[in-house]
>>> print(open('coords_26.tsv').read())   # TSV, C-alpha atoms
chain	number	residue	atom	x	y	z
A	1	MET	CA	25.15	-103.62	-112.12
A	2	SER	CA	23.11	-103.87	-108.96
A	3	GLY	CA	19.66	-105.50	-108.77
A	4	PRO	CA	16.88	-105.19	-111.35
A	5	ILE	CA	15.25	-101.76	-111.69
A	6	HIS	CA	11.47	-101.88	-112.01
A	7	VAL	CA	9.86	-99.01	-113.89
A	8	ALA	CA	6.37	-97.74	-114.63
A	9	PHE	CA	5.85	-95.18	-117.40
A	10	CYS	CA	2.57	-93.44	-116.51
A	11	ALA	CA	0.98	-91.18	-119.13
A	12	GLY	CA	-1.67	-88.75	-117.94
A	13	ARG	CA	-2.45	-85.15	-117.18
A	14	THR	CA	0.67	-84.33	-115.22
A	15	GLY	CA	4.32	-85.36	-115.04
A	16	PRO	CA	7.79	-83.90	-115.54
A	17	TRP	CA	7.92	-84.95	-119.22
A	18	ARG	CA	5.70	-83.37	-121.89
A	19	ILE	CA	4.57	-85.82	-124.58
A	20	ASP	CA	5.28	-83.96	-127.82
A	21	ARG	CA	4.35	-86.74	-130.23
A	22	LEU	CA	2.98	-90.30	-130.06
A	23	GLN	CA	2.89	-92.38	-133.25
A	24	ALA	CA	2.21	-96.00	-134.06
A	25	VAL	CA	5.05	-97.43	-136.15
A	26	ALA	CA	3.63	-100.98	-136.34
A	27	GLY	CA	0.35	-102.24	-134.88
A	28	PRO	CA	-2.00	-100.14	-132.76
A	29	ALA	CA	-0.95	-96.85	-131.10
A	30	LEU	CA	-1.50	-95.94	-127.45
A	31	PRO	CA	-4.03	-93.32	-126.26
A	32	SER	CA	-2.69	-89.79	-126.41
A	33	ALA	CA	-1.90	-87.89	-123.21
A	34	PRO	CA	-0.15	-84.58	-122.43
A	35	ALA	CA	2.46	-85.75	-119.90
A	36	LEU	CA	4.51	-88.67	-118.62
A	37	GLU	CA	5.80	-89.64	-115.20
A	38	VAL	CA	8.63	-92.19	-114.91
A	39	VAL	CA	8.30	-94.12	-111.66
A	40	GLU	CA	11.15	-96.36	-110.52
A	41	GLY	CA	11.03	-99.12	-107.92
A	42	GLY	CA	7.80	-99.80	-106.09
A	43	THR	CA	6.95	-96.08	-105.75
A	44	ARG	CA	3.36	-95.15	-106.54
A	45	PRO	CA	2.73	-92.68	-109.36
A	46	SER	CA	1.67	-89.25	-108.06
A	47	GLN	CA	-1.43	-89.19	-110.29
A	48	THR	CA	-4.36	-91.56	-110.47
A	49	GLY	CA	-6.36	-92.36	-113.58
A	50	ALA	CA	-3.40	-92.61	-115.97
A	51	ALA	CA	-4.20	-92.78	-119.73
A	52	TRP	CA	-1.84	-95.75	-119.84
A	53	THR	CA	0.92	-97.34	-117.79
A	54	LEU	CA	3.71	-99.44	-119.28
A	55	ARG	CA	5.85	-101.54	-116.96
A	56	GLY	CA	9.23	-103.21	-117.38
A	57	VAL	CA	12.34	-104.32	-115.57
A	58	THR	CA	16.04	-104.15	-116.36
A	59	SER	CA	17.58	-107.55	-116.91
A	60	PHE	CA	20.76	-109.37	-117.95
A	61	ALA	CA	22.24	-108.87	-121.44
A	62	ARG	CA	20.74	-111.33	-123.93
A	63	TYR	CA	23.28	-110.91	-126.76
A	64	THR	CA	26.14	-108.66	-125.64
A	65	ARG	CA	29.60	-110.27	-125.63
A	66	GLU	CA	32.42	-109.43	-123.26
A	67	SER	CA	34.29	-107.12	-125.67
A	68	GLU	CA	31.04	-105.34	-126.58
A	69	GLN	CA	30.05	-104.95	-122.93
A	70	ALA	CA	33.44	-103.39	-122.16
A	71	ALA	CA	33.17	-101.02	-125.14
A	72	LEU	CA	29.67	-99.95	-124.04
A	73	ALA	CA	30.64	-99.53	-120.39
A	74	ALA	CA	33.48	-97.20	-121.37
A	75	VAL	CA	31.21	-94.62	-123.03
A	76	GLN	CA	27.70	-95.22	-121.64
A	77	PRO	CA	26.34	-92.10	-119.89
A	78	PRO	CA	23.91	-92.16	-116.95
A	79	LEU	CA	20.27	-91.11	-117.28
A	80	GLY	CA	19.22	-87.75	-115.85
A	81	ARG	CA	21.94	-85.49	-117.30
A	82	PRO	CA	20.73	-81.87	-116.82
A	83	ALA	CA	21.19	-81.00	-120.52
A	84	ALA	CA	19.29	-84.09	-121.70
A	85	THR	CA	15.90	-82.40	-122.05
A	86	ARG	CA	14.69	-84.57	-124.93
A	87	ALA	CA	13.61	-88.18	-124.53
A	88	ALA	CA	12.02	-91.01	-126.46
A	89	LEU	CA	10.11	-94.01	-125.17
A	90	ILE	CA	9.88	-96.79	-127.75
A	91	PRO	CA	7.82	-99.84	-126.74
A	92	VAL	CA	8.40	-102.82	-129.06
A	93	SER	CA	7.13	-106.38	-129.36
A	94	LYS	CA	8.70	-109.01	-131.60
A	95	SER	CA	6.90	-111.87	-133.35
A	96	GLY	CA	6.58	-115.46	-132.21
A	97	ALA	CA	8.91	-116.37	-135.11
A	98	TRP	CA	11.67	-114.32	-133.43
A	99	TRP	CA	11.21	-115.90	-130.00
A	100	ASP	CA	11.17	-119.42	-131.45
A	101	LEU	CA	14.62	-118.96	-133.03
A	102	PRO	CA	17.59	-120.58	-131.28
A	103	GLN	CA	20.00	-118.25	-129.49
A	104	ASP	CA	22.73	-118.32	-132.17
A	105	ARG	CA	20.27	-117.38	-134.94
A	106	ARG	CA	18.86	-114.49	-132.87
A	107	ARG	CA	22.38	-113.25	-132.06
A	108	ALA	CA	23.36	-113.41	-135.77
A	109	LEU	CA	20.26	-111.45	-136.81
A	110	PHE	CA	20.73	-108.95	-133.96
A	111	GLU	CA	24.40	-108.19	-134.38
A	112	GLU	CA	26.22	-109.88	-137.27
A	113	ARG	CA	23.45	-108.93	-139.74
A	114	SER	CA	21.80	-105.91	-138.11
A	115	ARG	CA	24.74	-104.35	-136.17
A	116	HIS	CA	22.45	-103.37	-133.32
A	117	ILE	CA	25.21	-103.04	-130.69
A	118	ALA	CA	27.81	-101.56	-133.06
A	119	THR	CA	25.34	-98.97	-134.38
A	120	GLY	CA	24.19	-97.91	-130.92
A	121	LEU	CA	27.82	-97.60	-129.79
A	122	GLY	CA	28.40	-94.93	-132.46
A	123	TYR	CA	25.80	-92.69	-130.82
A	124	LEU	CA	27.26	-92.88	-127.33
A	125	PRO	CA	27.68	-90.89	-125.15
A	126	ALA	CA	25.29	-88.44	-126.88
A	127	ILE	CA	22.25	-90.73	-126.62
A	128	ALA	CA	21.75	-92.25	-123.14
A	129	ARG	CA	19.64	-95.39	-123.15
A	130	ARG	CA	18.08	-97.94	-120.81
A	131	LEU	CA	16.30	-101.15	-121.87
A	132	TYR	CA	13.45	-102.63	-119.81
A	133	HIS	CA	11.95	-106.09	-120.41
A	134	GLY	CA	8.24	-106.89	-120.19
A	135	ARG	CA	7.74	-110.18	-122.02
A	136	GLU	CA	8.42	-112.62	-119.16
A	137	ALA	CA	6.17	-110.63	-116.82
A	138	GLY	CA	3.27	-110.84	-119.29
A	139	GLU	CA	3.32	-107.11	-120.08
A	140	THR	CA	1.88	-105.69	-123.32
A	141	PHE	CA	5.30	-104.98	-124.83
A	142	ASP	CA	8.38	-107.22	-124.94
A	143	PHE	CA	10.70	-104.20	-124.54
A	144	LEU	CA	10.56	-100.58	-123.46
A	145	THR	CA	13.58	-98.53	-124.45
A	146	TRP	CA	14.05	-95.10	-122.89
A	147	PHE	CA	16.44	-92.64	-124.56
A	148	GLU	CA	17.65	-89.24	-123.29
A	149	PHE	CA	19.63	-86.61	-125.19
A	150	ALA	CA	20.25	-82.87	-125.50
A	151	PRO	CA	18.30	-80.90	-128.15
A	152	GLU	CA	21.45	-80.52	-130.28
A	153	HIS	CA	21.58	-84.31	-130.70
A	154	ALA	CA	17.98	-84.68	-131.89
A	155	ALA	CA	19.01	-85.14	-135.53
A	156	ARG	CA	21.51	-87.84	-134.58
A	157	PHE	CA	18.79	-89.64	-132.66
A	158	GLU	CA	16.52	-89.63	-135.76
A	159	GLU	CA	19.40	-91.15	-137.70
A	160	LEU	CA	19.91	-93.91	-135.10
A	161	VAL	CA	16.21	-94.81	-135.10
A	162	ALA	CA	16.06	-94.85	-138.92
A	163	ILE	CA	19.11	-97.13	-139.17
A	164	LEU	CA	17.73	-99.63	-136.64
A	165	ARG	CA	14.30	-99.69	-138.34
A	166	SER	CA	15.93	-100.56	-141.67
A	167	THR	CA	17.61	-103.71	-140.32
A	168	VAL	CA	16.61	-107.33	-140.83
A	169	GLU	CA	16.17	-107.58	-137.03
A	170	TRP	CA	13.35	-105.02	-137.31
A	171	SER	CA	11.43	-107.26	-139.74
A	172	TYR	CA	10.57	-109.28	-136.62
A	173	VAL	CA	9.02	-106.27	-134.86
A	174	GLU	CA	5.26	-106.67	-134.92
A	175	ARG	CA	4.28	-103.77	-132.69
A	176	GLU	CA	6.09	-100.49	-132.14
A	177	VAL	CA	5.03	-97.10	-130.78
A	178	ASP	CA	7.29	-94.04	-130.95
A	179	ILE	CA	6.78	-91.51	-128.14
A	180	ARG	CA	8.82	-88.28	-128.08
A	181	LEU	CA	9.13	-86.13	-124.99
A	182	SER	CA	10.75	-82.98	-123.64
A	183	ARG	CA	11.23	-81.31	-120.30
A	184	ASP	CA	12.62	-78.06	-118.98
A	185	GLU	CA	16.31	-78.03	-118.11
A	186	ALA	CA	16.85	-79.30	-114.54
B	1	MET	CA	6.40	-123.51	-129.65
B	2	SER	CA	3.15	-121.66	-129.02
B	3	GLY	CA	2.79	-118.83	-126.47
B	4	PRO	CA	4.31	-118.76	-122.99
B	5	ILE	CA	2.91	-121.23	-120.44
B	6	HIS	CA	2.34	-119.75	-116.99
B	7	VAL	CA	2.50	-122.16	-114.08
B	8	ALA	CA	1.86	-122.12	-110.34
B	9	PHE	CA	3.21	-124.92	-108.16
B	10	CYS	CA	0.97	-124.94	-105.08
B	11	ALA	CA	2.03	-127.01	-102.08
B	12	GLY	CA	-0.59	-127.80	-99.47
B	13	ARG	CA	-2.83	-130.45	-97.99
B	14	THR	CA	-4.16	-131.86	-101.29
B	15	GLY	CA	-3.05	-132.32	-104.88
B	16	PRO	CA	-2.32	-135.08	-107.38
B	17	TRP	CA	1.39	-135.23	-106.48
B	18	ARG	CA	2.63	-136.48	-103.10
B	19	ILE	CA	5.69	-134.62	-101.81
B	20	ASP	CA	8.03	-137.43	-100.75
B	21	ARG	CA	11.02	-135.27	-99.84
B	22	LEU	CA	11.92	-131.59	-99.68
B	23	GLN	CA	15.54	-130.61	-99.05
B	24	ALA	CA	17.52	-127.39	-99.16
B	25	VAL	CA	20.61	-127.82	-101.33
B	26	ALA	CA	21.79	-124.21	-101.01
B	27	GLY	CA	20.20	-121.42	-98.98
B	28	PRO	CA	16.94	-121.75	-97.05
B	29	ALA	CA	14.43	-124.59	-97.65
B	30	LEU	CA	10.69	-124.17	-98.22
B	31	PRO	CA	8.03	-125.15	-95.66
B	32	SER	CA	7.12	-128.82	-95.80
B	33	ALA	CA	3.71	-129.93	-97.11
B	34	PRO	CA	2.17	-133.28	-98.03
B	35	ALA	CA	0.98	-132.59	-101.60
B	36	LEU	CA	1.46	-130.46	-104.70
B	37	GLU	CA	-0.89	-129.17	-107.35
B	38	VAL	CA	0.50	-127.96	-110.69
B	39	VAL	CA	-1.74	-125.23	-112.10
B	40	GLU	CA	-1.20	-124.05	-115.67
B	41	GLY	CA	-2.50	-120.88	-117.28
B	42	GLY	CA	-4.61	-118.52	-115.25
B	43	THR	CA	-6.57	-121.34	-113.58
B	44	ARG	CA	-7.10	-120.97	-109.85
B	45	PRO	CA	-5.69	-123.67	-107.59
B	46	SER	CA	-8.40	-125.90	-106.14
B	47	GLN	CA	-7.18	-125.36	-102.57
B	48	THR	CA	-6.81	-122.21	-100.58
B	49	GLY	CA	-4.20	-121.57	-97.90
B	50	ALA	CA	-1.26	-123.15	-99.74
B	51	ALA	CA	1.93	-123.75	-97.71
B	52	TRP	CA	3.77	-122.10	-100.60
B	53	THR	CA	3.21	-121.21	-104.25
B	54	LEU	CA	6.00	-120.87	-106.78
B	55	ARG	CA	5.26	-119.22	-110.13
B	56	GLY	CA	7.09	-119.18	-113.45
B	57	VAL	CA	6.64	-118.92	-117.19
B	58	THR	CA	8.17	-120.73	-120.15
B	59	SER	CA	10.33	-118.48	-122.29
B	60	PHE	CA	12.71	-118.41	-125.21
B	61	ALA	CA	15.98	-120.36	-125.15
B	62	ARG	CA	18.77	-118.32	-123.59
B	63	TYR	CA	21.74	-120.44	-124.73
B	64	THR	CA	20.56	-123.24	-127.05
B	65	ARG	CA	22.00	-123.15	-130.58
B	66	GLU	CA	20.23	-124.32	-133.72
B	67	SER	CA	21.92	-127.75	-133.86
B	68	GLU	CA	21.28	-128.30	-130.15
B	69	GLN	CA	17.65	-127.25	-130.46
B	70	ALA	CA	17.16	-129.74	-133.31
B	71	ALA	CA	18.84	-132.53	-131.32
B	72	LEU	CA	16.63	-131.81	-128.30
B	73	ALA	CA	13.42	-131.54	-130.35
B	74	ALA	CA	14.09	-134.98	-131.88
B	75	VAL	CA	14.02	-136.81	-128.53
B	76	GLN	CA	12.18	-134.54	-126.09
B	77	PRO	CA	9.11	-136.29	-124.64
B	78	PRO	CA	5.93	-134.49	-123.54
B	79	LEU	CA	4.95	-134.08	-119.89
B	80	GLY	CA	2.13	-136.23	-118.54
B	81	ARG	CA	3.21	-139.67	-119.79
B	82	PRO	CA	1.12	-142.24	-117.86
B	83	ALA	CA	4.19	-144.23	-116.71
B	84	ALA	CA	5.98	-141.09	-115.46
B	85	THR	CA	4.83	-141.35	-111.84
B	86	ARG	CA	7.94	-139.76	-110.34
B	87	ALA	CA	8.72	-136.06	-110.53
B	88	ALA	CA	11.14	-133.48	-109.22
B	89	LEU	CA	10.70	-129.74	-108.82
B	90	ILE	CA	14.01	-127.94	-108.48
B	91	PRO	CA	13.80	-124.18	-107.86
B	92	VAL	CA	17.15	-122.43	-108.39
B	93	SER	CA	18.50	-118.89	-108.17
B	94	LYS	CA	21.87	-117.81	-109.49
B	95	SER	CA	24.10	-115.09	-108.06
B	96	GLY	CA	24.39	-111.50	-109.20
B	97	ALA	CA	27.87	-112.39	-110.49
B	98	TRP	CA	26.24	-114.81	-112.96
B	99	TRP	CA	23.69	-112.30	-114.23
B	100	ASP	CA	26.32	-109.59	-114.66
B	101	LEU	CA	28.38	-111.76	-117.02
B	102	PRO	CA	28.16	-111.00	-120.75
B	103	GLN	CA	26.23	-113.48	-122.88
B	104	ASP	CA	29.28	-115.22	-124.38
B	105	ARG	CA	30.80	-115.86	-120.93
B	106	ARG	CA	27.51	-117.29	-119.60
B	107	ARG	CA	27.16	-119.50	-122.70
B	108	ALA	CA	30.76	-120.77	-122.28
B	109	LEU	CA	30.20	-121.59	-118.60
B	110	PHE	CA	26.82	-123.18	-119.33
B	111	GLU	CA	27.76	-125.39	-122.23
B	112	GLU	CA	31.42	-125.40	-123.31
B	113	ARG	CA	32.61	-125.84	-119.68
B	114	SER	CA	29.59	-127.41	-117.94
B	115	ARG	CA	27.97	-129.37	-120.81
B	116	HIS	CA	24.51	-128.56	-119.51
B	117	ILE	CA	22.68	-129.20	-122.82
B	118	ALA	CA	24.83	-132.17	-123.88
B	119	THR	CA	24.44	-133.86	-120.49
B	120	GLY	CA	20.66	-133.40	-120.41
B	121	LEU	CA	20.40	-134.76	-123.95
B	122	GLY	CA	21.90	-138.05	-122.78
B	123	TYR	CA	18.97	-138.57	-120.40
B	124	LEU	CA	16.25	-138.00	-123.01
B	125	PRO	CA	13.65	-139.32	-123.59
B	126	ALA	CA	13.69	-141.02	-120.16
B	127	ILE	CA	13.61	-137.75	-118.19
B	128	ALA	CA	10.98	-135.26	-119.43
B	129	ARG	CA	11.69	-131.70	-118.43
B	130	ARG	CA	10.24	-128.20	-118.60
B	131	LEU	CA	11.97	-124.99	-117.54
B	132	TYR	CA	10.05	-122.02	-116.17
B	133	HIS	CA	11.55	-118.55	-115.59
B	134	GLY	CA	10.78	-116.33	-112.60
B	135	ARG	CA	13.55	-113.74	-112.42
B	136	GLU	CA	12.10	-111.09	-114.73
B	137	ALA	CA	8.70	-111.33	-113.03
B	138	GLY	CA	10.30	-110.69	-109.62
B	139	GLU	CA	9.57	-114.20	-108.31
B	140	THR	CA	11.58	-115.77	-105.47
B	141	PHE	CA	13.48	-118.15	-107.77
B	142	ASP	CA	15.16	-117.41	-111.10
B	143	PHE	CA	14.21	-120.85	-112.45
B	144	LEU	CA	11.81	-123.68	-111.67
B	145	THR	CA	12.62	-126.94	-113.44
B	146	TRP	CA	10.03	-129.69	-113.45
B	147	PHE	CA	11.15	-133.25	-114.29
B	148	GLU	CA	8.99	-136.36	-114.87
B	149	PHE	CA	10.14	-139.96	-115.20
B	150	ALA	CA	9.14	-143.57	-114.61
B	151	PRO	CA	10.28	-145.27	-111.35
B	152	GLU	CA	12.79	-147.43	-113.29
B	153	HIS	CA	14.64	-144.25	-114.33
B	154	ALA	CA	14.96	-142.86	-110.80
B	155	ALA	CA	18.64	-143.86	-110.52
B	156	ARG	CA	19.44	-142.21	-113.85
B	157	PHE	CA	17.75	-139.04	-112.61
B	158	GLU	CA	19.97	-139.02	-109.50
B	159	GLU	CA	22.98	-139.33	-111.79
B	160	LEU	CA	21.84	-136.39	-113.96
B	161	VAL	CA	21.32	-134.16	-110.92
B	162	ALA	CA	24.69	-135.13	-109.44
B	163	ILE	CA	26.52	-134.38	-112.70
B	164	LEU	CA	24.90	-130.96	-113.07
B	165	ARG	CA	25.62	-130.04	-109.44
B	166	SER	CA	29.31	-130.82	-109.94
B	167	THR	CA	29.72	-128.33	-112.81
B	168	VAL	CA	31.32	-124.90	-112.74
B	169	GLU	CA	27.94	-123.47	-113.79
B	170	TRP	CA	26.53	-124.69	-110.45
B	171	SER	CA	29.11	-122.66	-108.52
B	172	TYR	CA	26.90	-119.67	-109.44
B	173	VAL	CA	23.81	-121.24	-107.82
B	174	GLU	CA	23.11	-119.42	-104.57
B	175	ARG	CA	19.77	-120.99	-103.68
B	176	GLU	CA	18.44	-124.42	-104.58
B	177	VAL	CA	15.68	-126.60	-103.16
B	178	ASP	CA	15.18	-130.23	-104.26
B	179	ILE	CA	11.59	-131.48	-104.08
B	180	ARG	CA	10.79	-135.09	-105.02
B	181	LEU	CA	7.28	-136.26	-105.79
B	182	SER	CA	5.24	-139.28	-106.84
B	183	ARG	CA	1.72	-140.01	-108.01
B	184	ASP	CA	-0.39	-143.03	-108.80
B	185	GLU	CA	-0.30	-144.25	-112.40
B	186	ALA	CA	-2.85	-142.37	-114.52
>>> encode(input="coords_26.tsv", output="structure tokens")
Amino acid sequence: MSGPIHVAFCAGRTGPWRIDRLQAVAGPALPSAPALEVVEGGTRPSQTGAAWTLRGVTSFARYTRESEQAALAAVQPPLGRPAATRAALIPVSKSGAWWDLPQDRRRALFEERSRHIATGLGYLPAIARRLYHGREAGETFDFLTWFEFAPEHAARFEELVAILRSTVEWSYVEREVDIRLSRDEA
Amino acid sequence: MSGPIHVAFCAGRTGPWRIDRLQAVAGPALPSAPALEVVEGGTRPSQTGAAWTLRGVTSFARYTRESEQAALAAVQPPLGRPAATRAALIPVSKSGAWWDLPQDRRRALFEERSRHIATGLGYLPAIARRLYHGREAGETFDFLTWFEFAPEHAARFEELVAILRSTVEWSYVEREVDIRLSRDEA
């Protein structure tokens, strides 16, 4: 891993990704918009007057152990695969009760009880994924997860999302928006 | 714990804390200045044209386990005790090699090998302490630690700092500045 990657997800009138669906899962939704631009680094978005902009930054692994990191690294695909014309952006915030837990209790809820890493591993390399953090920078959402996959893996992605939402870890999620996107093949 | 506390340490011509010493321990120093103001929340510093401003935010515990958190909570004093007229501000950044390690390896280096929590516990309640994070917000330093203690505990504070700097954890520190301060009794 090199340095942190800063991202801005800018929803508005134009952008390479079409927003096909935007639903509130917990807490308030976000305003609807037809398109999304994903801007990395300090680059300025090409449009002004975005409906909304969500910002985040990649960071170190909070829970992943050495053996898990090695297993993930072996099968983790890059973003931007030409056939990956479907995407999801899922902004999530967890409750104060979650953040007040000591590290070992959060790890146990995250993995030993909820199998977050093990479950995600089962969907690799079909579902590419990158996690951005927003909490420490005072952003609206604690996390922004960006997923990319080919249309033939759409059903598997629904399964992954449903499994994660049924876990005890997810009982600490107090806000979640589910945004689905598509683009033309590159 | 309530919500995150945002802080700005503003060094300049005026402020309640006198800067008695400012030394680079690793990497470049910071410009010298006679005084420091500690500004919490969104409040604006009372002076303009600060020599430097360092920002950070309190956050969740990255390594502390339940038993350790309980032990700390039992003896941890608040900031602002009237007799605590000595302080230290120690900004630190760790290397990319540290941040790339999986969570279990960082925890083992931090506590099982370096005894960071156990050592600090031995100096409570004499040495009050608050840790602020800057890395995820793109600040210059990964961490800002603020310590407060009475003059009669100054020698114990030197001991604590020397022990921590001798640990294997500290071999991952690539920049560190040591700033010592004092104020009149409140």
>>> closest_residue(input="coords_26.tsv", among="B:Ala84, B:Val168, B:Val75, B:Ala128", to="Glu152 in chain B", atoms="only C-alpha atoms")
B:Ala84
>>> atom_distance(input="coords_26.tsv", atom1="CA of Ala35 in chain B", atom2="CA of Pro16 in chain B")
7.1 Å
>>> atom_distance(input="coords_26.tsv", atom1="CA of Ala71 in chain B", atom2="CA of Arg107 in chain B")
17.7 Å
>>> residues_around(input="coords_26.tsv", residues="Ile90 in chain A", least_positions_apart="3", cutoff="9 Å", atoms="all atoms listed in the file", output="mmCIF file with C-alpha atoms, in the coordinates of the input")
data_model
loop_
_atom_site.group_PDB
_atom_site.id
_atom_site.type_symbol
_atom_site.label_atom_id
_atom_site.label_comp_id
_atom_site.auth_asym_id
_atom_site.auth_seq_id
_atom_site.Cartn_x
_atom_site.Cartn_y
_atom_site.Cartn_z
ATOM 1 C CA PHE A 143 10.700 -104.200 -124.540
ATOM 2 C CA LEU A 144 10.560 -100.580 -123.460
ATOM 3 C CA THR A 145 13.580 -98.530 -124.450
ATOM 4 C CA TRP A 146 14.050 -95.100 -122.890
ATOM 5 C CA PHE A 147 16.440 -92.640 -124.560
ATOM 6 C CA GLU A 176 6.090 -100.490 -132.140
ATOM 7 C CA VAL A 177 5.030 -97.100 -130.780
ATOM 8 C CA ASP A 178 7.290 -94.040 -130.950
ATOM 9 C CA ILE A 179 6.780 -91.510 -128.140
ATOM 10 C CA ARG A 180 8.820 -88.280 -128.080
#
>>> residues_near_point(input="coords_26.tsv", point="(13.9, -134.3, -115.2)", cutoff="12 Å", atoms="only C-alpha atoms", output="PyMOL selection string")
chain B and resi 76-79+84-90+119-131+144-150+153-161+164+178-181
>>> interface_residues(input="coords_26.tsv", of="chain B", to="chain A", cutoff="7 Å", atoms="only C-alpha atoms", output="ChimeraX atom specification")
/B:1,57,59-66,69,99-100,102-104,136-137
>>> residues_around(input="coords_26.tsv", residues="Glu174 in chain A", least_positions_apart="3", cutoff="9 Å", atoms="only C-alpha atoms", output="compact mmCIF listing (two decimals) with C-alpha atoms, in the frame of the given file")
# COMPACT_ATOMS: atom_id res chain seq x y z
CA ALA A 26 3.63 -100.98 -136.34
CA GLY A 27 0.35 -102.24 -134.88
CA VAL A 92 8.40 -102.82 -129.06
CA SER A 93 7.13 -106.38 -129.36
CA LYS A 94 8.70 -109.01 -131.60
CA SER A 95 6.90 -111.87 -133.35
CA TRP A 170 13.35 -105.02 -137.31
CA SER A 171 11.43 -107.26 -139.74
>>> atom_distance(input="coords_26.tsv", atom1="CA of Arg55 in chain B", atom2="CA of Phe141 in chain A")
20.5 Å
>>> closest_residue(input="coords_26.tsv", among="B:Arg175, B:Val7, B:Glu37, B:Trp52", to="Gln23 in chain B", atoms="all atoms listed in the file")
B:Arg175
>>> closest_residue(input="coords_26.tsv", among="A:Ala83, A:Ile5, A:Val173, A:Ala50", to="Pro31 in chain A", atoms="all atoms listed in the file")
A:Ala50
>>> closest_residue(input="coords_26.tsv", among="A:Ala24, A:Leu30, A:Val38, A:Ile163", to="Thr140 in chain A", atoms="only C-alpha atoms")
A:Leu30
>>> axis_aligned_box(input="coords_26.tsv", around="range 56-73 of chain B", padding_each_side="6 Å", output="JSON")
{"center_x": 14.3, "center_y": -125.4, "center_z": -123.7, "size_x": 27.4, "size_y": 26.2, "size_z": 32.4}
>>> residues_around(input="coords_26.tsv", residues="Leu54 in chain B", least_positions_apart="5", cutoff="7 Å", atoms="all atoms listed in the file", output="list in words")
Ala8, Phe9 and Cys10 of chain B
>>> decode(input="coords_26.tsv", residues="range 22-35 of chain B", atoms="N, CA and C atoms", output="mmCIF file, in the first residue's frame")
data_model
loop_
_atom_site.group_PDB
_atom_site.id
_atom_site.type_symbol
_atom_site.label_atom_id
_atom_site.label_comp_id
_atom_site.auth_asym_id
_atom_site.auth_seq_id
_atom_site.Cartn_x
_atom_site.Cartn_y
_atom_site.Cartn_z
ATOM 1 N N LEU B 22 11.460 23.496 22.913
ATOM 2 C CA LEU B 22 10.884 22.842 21.734
ATOM 3 C C LEU B 22 12.041 22.158 21.020
ATOM 4 N N GLN B 23 12.006 20.820 20.967
ATOM 5 C CA GLN B 23 13.136 20.078 20.390
ATOM 6 C C GLN B 23 12.656 19.052 19.379
ATOM 7 N N ALA B 24 13.394 18.922 18.288
ATOM 8 C CA ALA B 24 13.121 17.823 17.360
ATOM 9 C C ALA B 24 13.739 16.552 17.929
ATOM 10 N N VAL B 25 12.970 15.502 17.999
ATOM 11 C CA VAL B 25 13.487 14.193 18.430
ATOM 12 C C VAL B 25 13.819 13.353 17.193
ATOM 13 N N ALA B 26 12.954 13.420 16.193
ATOM 14 C CA ALA B 26 13.191 12.739 14.912
ATOM 15 C C ALA B 26 12.592 13.607 13.825
ATOM 16 N N GLY B 27 13.297 13.798 12.732
ATOM 17 C CA GLY B 27 12.807 14.642 11.642
ATOM 18 C C GLY B 27 12.891 16.112 12.005
ATOM 19 N N PRO B 28 12.312 16.976 11.161
ATOM 20 C CA PRO B 28 12.431 18.424 11.384
ATOM 21 C C PRO B 28 11.668 18.912 12.614
ATOM 22 N N ALA B 29 12.153 20.002 13.216
ATOM 23 C CA ALA B 29 11.476 20.646 14.359
ATOM 24 C C ALA B 29 10.309 21.490 13.852
ATOM 25 N N LEU B 30 9.732 22.261 14.736
ATOM 26 C CA LEU B 30 8.730 23.272 14.388
ATOM 27 C C LEU B 30 9.342 24.627 14.722
ATOM 28 N N PRO B 31 8.858 25.707 14.109
ATOM 29 C CA PRO B 31 9.384 27.035 14.455
ATOM 30 C C PRO B 31 9.193 27.323 15.945
ATOM 31 N N SER B 32 10.127 28.044 16.511
ATOM 32 C CA SER B 32 9.988 28.375 17.937
ATOM 33 C C SER B 32 8.991 29.519 18.114
ATOM 34 N N ALA B 33 8.408 29.581 19.306
ATOM 35 C CA ALA B 33 7.409 30.604 19.642
ATOM 36 C C ALA B 33 7.357 30.689 21.151
ATOM 37 N N PRO B 34 6.947 31.833 21.707
ATOM 38 C CA PRO B 34 6.963 31.963 23.166
ATOM 39 C C PRO B 34 5.775 31.342 23.885
ATOM 40 N N ALA B 35 4.618 31.199 23.225
ATOM 41 C CA ALA B 35 3.406 30.801 23.957
ATOM 42 C C ALA B 35 2.512 29.897 23.117
#
